[in-house]
Amino acid sequence: MELCSFLTLDSFITDPLTHEFMRKALLMSSLVAAVCGFLSSYLTLKGWALMGDAVSHSVMPGVVVAYALGLPFSLGAFIFGVGSVALIGFIKQKSRVKEDTVIGLVFTGFFALGIVLVSKIKSNIDLHSILFGSPLGISLSDVKQTVFICLLVVILLSIFRKDLMLYCFDPRHAKTVGINVFFLHYLLLTCLSLAAVVGLQSVGIILVVAMLITPGATAYLLTDKFDNMTVISVLSAIISSLIGIYVSFWFDLETGGSIVLAQTFIFLFAFLFAPRYGIFKLKKLFAGYK
Amino acid sequence: METINYQNFRIEAENICVDYNGKVALYDANLRLKPGQICGLVGMNGAGKTTFFNALTGFVNISKGKIRINGESVRSAQKDQTIAYVPQNEGIDSQFPISVWDVVMMGRYGSMNIFRCPRESDVQAVKDAIERVDLTDHLSTPIGNLSGGQRKRTFLARAIAQRASILLLDEPFSGVDIRTEKLISELFIQFKNEGKTILLSTHDMIHVREFCDLVLLINKTVVAYGETSEVFTPENITTTFGGISPDFLFGPES
């Protein structure tokens, strides 16, 4: 009996691995999740959730134009991602409209432009895969590009890990001791745009913001140390994407949605049972927990 | 000994103006401070106190005027770790997942390499600074678990670890316990003897009389500046606070 259930669990995990597209999907999604999770710590602490939403939606026309022109989609996405932020800053400065309103109207404008362009350009762009992600149908050139971008973001974040933490925590002090705050601001934005680009392959443009904030929010509930927060965030992101892909494989569900839903469930678990900050402080149950 | 005249001054601000998108926050403000001087910055909310600090740290650009720190530009003062800023408790995110040690170590970032790897000297500076503010028992405590006074001392330690010669303190006495208040006042005396220059903003008039050699009264521009005993008069204070009488501010006895 026990052997039998063991075999079932075993095949639950190994069966999908016999398919190449599944191996690729699991690998790429984990990589993307790790990168988004890494960045997620910074975005949640900086309070850039809405900014993440804005940038990830705004990359849409960039992706479409890049496809149409045969350029790397990351390039187009990057230009529109950073462009949207510049535009938000400009409109905010030159008008009396409040910031969240400006963010909302700029990113929906860009997003709408993207949708209109897709319907006009009629190339082999699959609107559905852009909107909802297609981790199972990722092509070889996409793999190369994704790996390259992920490495780039990880290297940048690793080098400027502490500076970015200081920038999120106390930009005024950073400036006072001669650290280039302007550079860090745009570095974080650049990483955000790049992460949005790779994230959209996994879960699609609409849900990519979840990849950028949920793991960080989960980790924030579980620790008071920044380094631990980053590790927990990355791990929870990877685990979610593995769970999401497996579940979507076995139960024939939309993959992107499953990944994000897995993240949401992990967040809810932390929300309820986090040792210090959960609703039912689990800490009380464990004597000797430090 | 000092041959060049401007080197007498740690801070020299001449006719500085700051505006945010055309809205004037500070205009024609002047300030000159020497080593070992403590100056109180007094004004209403929105009178430009924080703006003044921001201009001195280079956090905002001045639209007119000139700022010299030790005779040099603000930019080179930043590079030389000359200025330390101690924020108001309300000005920082107390829920940020960071320990006392890490905050104080941030005082050393400006003089570290690009990866911000602490050297032995950095570790020592942080240890010493934490000891001076009496937080050695809280090295790894997250700042969210500190009291208001302990948090204030953490940021003071950061400024000490930075080894800055100019300290800018935004409301150092607001929301702190008596013990912290006493410790801060003792540190001020030490700083003064070490030749540091201190500019502090405060709402509390008693503190101005107690510590400050000089006082700068501002209301978008300088209302009065000079020795505390000469300048800190009921008339000047009334002007600074837009016509509210000092009786109302201090109570009738002062």
# chains A, B, ... in the order shown; residues from 1 in each chain; ligands from 1
call {"tool": "interface_residues", "arguments": {"of": "chain A", "to": "chain B", "cutoff": "9 Å", "atoms": "only C-alpha atoms", "output": "list in words"}}
result
Leu45, Gln93, Lys94, Ser158, Ile159, Phe160, Arg161, Lys162, Asp163, Leu166, Phe169, Asp170, Pro171, Arg172, His173, Ala174, Lys175, Thr176, Val177, Gly178, Ile179, Tyr220, Thr223, Asp224, Lys225, Phe226, Asp227 and Met229 of chain A
call {"tool": "select_by_dssp", "arguments": {"residues": "region 78-190 of chain B", "states": "alpha helix (DSSP H)", "output": "JSON, numbers by chain"}}
result
{"B": [78, 79, 100, 101, 102, 103, 104, 105, 120, 121, 122, 123, 124, 125, 126, 127, 128, 129, 130, 131, 132, 148, 149, 150, 151, 152, 153, 154, 155, 156, 157, 158, 159, 160, 161, 162, 178, 179, 180, 181, 182, 183, 184, 185, 186, 187, 188, 189, 190]}
call {"tool": "residues_around", "arguments": {"residues": "Thr180 (chain B)", "least_positions_apart": "3", "cutoff": "9 Å", "atoms": "only C-alpha atoms", "output": "number ranges by chain"}}
result
B: 133, 149-150, 152-153, 173, 176-177, 183-185
call {"tool": "residues_around", "arguments": {"residues": "region 219-232 of chain B", "least_positions_apart": "3", "cutoff": "9 Å", "atoms": "only C-alpha atoms", "output": "count of residues only"}}
result
32
call {"tool": "residues_around", "arguments": {"residues": "Ser30 (chain A)", "least_positions_apart": "6", "cutoff": "8 Å", "atoms": "only C-alpha atoms", "output": "list in words"}}
result
Ala237, Ile238, Ile239, Ser241 and Leu242 of chain A
call {"tool": "write_last_selection", "arguments": {"atoms": "C-alpha atoms", "output": "short mmCIF file (atom, residue, chain, number, x, y, z; two decimals), in the first residue's frame"}}
result
data_model
loop_
_atom_site.label_atom_id
_atom_site.label_comp_id
_atom_site.auth_asym_id
_atom_site.auth_seq_id
_atom_site.Cartn_x
_atom_site.Cartn_y
_atom_site.Cartn_z
CA ALA A 237 8.98 32.01 -6.24
CA ILE A 238 10.76 28.90 -7.53
CA ILE A 239 8.56 26.52 -5.55
CA SER A 241 6.43 28.02 -10.37
CA LEU A 242 7.25 24.31 -10.02
#
call {"tool": "closest_residue", "arguments": {"among": "A:Val154, A:Leu164, A:Leu131, A:Ala68", "to": "Leu117 (chain A)", "atoms": "only C-alpha atoms"}}
result
A:Ala68
call {"tool": "atom_distance", "arguments": {"atom1": "CA of Ser147 (chain B)", "atom2": "CA of Gln88 (chain B)"}}
result
13.7 Å
call {"tool": "residues_around", "arguments": {"residues": "region 270-273 of chain A", "least_positions_apart": "4", "cutoff": "7 Å", "atoms": "only C-alpha atoms", "output": "NGL selection string"}}
result
:A and (218 or 221-222 or 266 or 278-282)
call {"tool": "atom_distance", "arguments": {"atom1": "CA of Val59 (chain A)", "atom2": "CA of Ser84 (chain A)"}}
result
8.4 Å
call {"tool": "residues_around", "arguments": {"residues": "Asp128 (chain B)", "least_positions_apart": "2", "cutoff": "12 Å", "atoms": "only C-alpha atoms", "output": "MDAnalysis selection string"}}
result
chainID B and resid 101 104:105 121:126 130:136 139 157:163
call {"tool": "write_last_selection", "arguments": {"atoms": "N, CA and C atoms", "output": "mmCIF file, in the first residue's frame"}}
result
data_model
loop_
_atom_site.group_PDB
_atom_site.id
_atom_site.type_symbol
_atom_site.label_atom_id
_atom_site.label_comp_id
_atom_site.auth_asym_id
_atom_site.auth_seq_id
_atom_site.Cartn_x
_atom_site.Cartn_y
_atom_site.Cartn_z
ATOM 1 N N TRP B 101 22.879 46.867 13.571
ATOM 2 C CA TRP B 101 24.222 46.750 13.002
ATOM 3 C C TRP B 101 24.246 47.193 11.534
ATOM 4 N N VAL B 104 23.858 50.990 11.063
ATOM 5 C CA VAL B 104 25.063 51.741 11.427
ATOM 6 C C VAL B 104 26.157 51.496 10.379
ATOM 7 N N MET B 105 26.207 50.267 9.865
ATOM 8 C CA MET B 105 27.195 49.959 8.828
ATOM 9 C C MET B 105 26.980 50.827 7.581
ATOM 10 N N SER B 121 38.484 47.966 9.742
ATOM 11 C CA SER B 121 38.321 49.319 10.286
ATOM 12 C C SER B 121 36.843 49.729 10.294
ATOM 13 N N ASP B 122 36.087 49.267 9.281
ATOM 14 C CA ASP B 122 34.657 49.585 9.242
ATOM 15 C C ASP B 122 33.924 48.914 10.400
ATOM 16 N N VAL B 123 34.262 47.636 10.603
ATOM 17 C CA VAL B 123 33.633 46.888 11.692
ATOM 18 C C VAL B 123 33.913 47.563 13.026
ATOM 19 N N GLN B 124 35.167 48.004 13.192
ATOM 20 C CA GLN B 124 35.548 48.670 14.430
ATOM 21 C C GLN B 124 34.788 49.975 14.603
ATOM 22 N N ALA B 125 34.697 50.739 13.526
ATOM 23 C CA ALA B 125 33.995 52.029 13.593
ATOM 24 C C ALA B 125 32.534 51.820 13.983
ATOM 25 N N VAL B 126 31.932 50.776 13.434
ATOM 26 C CA VAL B 126 30.523 50.493 13.736
ATOM 27 C C VAL B 126 30.369 50.078 15.195
ATOM 28 N N ILE B 130 28.225 52.172 17.985
ATOM 29 C CA ILE B 130 27.089 51.566 18.685
ATOM 30 C C ILE B 130 27.298 51.631 20.198
ATOM 31 N N GLU B 131 28.561 51.476 20.592
ATOM 32 C CA GLU B 131 28.872 51.572 22.015
ATOM 33 C C GLU B 131 28.605 52.984 22.543
ATOM 34 N N ARG B 132 28.956 53.966 21.734
ATOM 35 C CA ARG B 132 28.777 55.355 22.191
ATOM 36 C C ARG B 132 27.312 55.722 22.396
ATOM 37 N N VAL B 133 26.429 55.072 21.657
ATOM 38 C CA VAL B 133 25.005 55.377 21.858
ATOM 39 C C VAL B 133 24.339 54.332 22.748
ATOM 40 N N ASP B 134 25.169 53.453 23.323
ATOM 41 C CA ASP B 134 24.667 52.527 24.327
ATOM 42 C C ASP B 134 23.641 51.531 23.764
ATOM 43 N N LEU B 135 23.967 50.967 22.606
ATOM 44 C CA LEU B 135 23.052 49.991 22.010
ATOM 45 C C LEU B 135 23.731 48.640 21.788
ATOM 46 N N THR B 136 24.841 48.417 22.491
ATOM 47 C CA THR B 136 25.606 47.188 22.270
ATOM 48 C C THR B 136 24.758 45.929 22.493
ATOM 49 N N LEU B 139 22.670 44.803 18.971
ATOM 50 C CA LEU B 139 23.349 44.757 17.669
ATOM 51 C C LEU B 139 22.495 44.161 16.555
ATOM 52 N N ALA B 157 24.257 56.770 15.768
ATOM 53 C CA ALA B 157 25.439 55.908 15.664
ATOM 54 C C ALA B 157 25.906 55.828 14.211
ATOM 55 N N ARG B 158 24.944 55.802 13.293
ATOM 56 C CA ARG B 158 25.316 55.775 11.879
ATOM 57 C C ARG B 158 26.135 57.020 11.521
ATOM 58 N N ALA B 159 25.678 58.164 12.036
ATOM 59 C CA ALA B 159 26.403 59.409 11.774
ATOM 60 C C ALA B 159 27.789 59.385 12.417
ATOM 61 N N ILE B 160 27.879 58.786 13.613
ATOM 62 C CA ILE B 160 29.180 58.702 14.289
ATOM 63 C C ILE B 160 30.115 57.790 13.499
ATOM 64 N N ALA B 161 29.573 56.646 13.063
ATOM 65 C CA ALA B 161 30.385 55.688 12.308
ATOM 66 C C ALA B 161 30.900 56.303 11.011
ATOM 67 N N GLN B 162 30.123 57.205 10.469
ATOM 68 C CA GLN B 162 30.522 57.862 9.217
ATOM 69 C C GLN B 162 31.719 58.782 9.431
ATOM 70 N N ARG B 163 31.943 59.154 10.676
ATOM 71 C CA ARG B 163 33.015 60.082 11.056
ATOM 72 C C ARG B 163 32.901 61.406 10.306
#
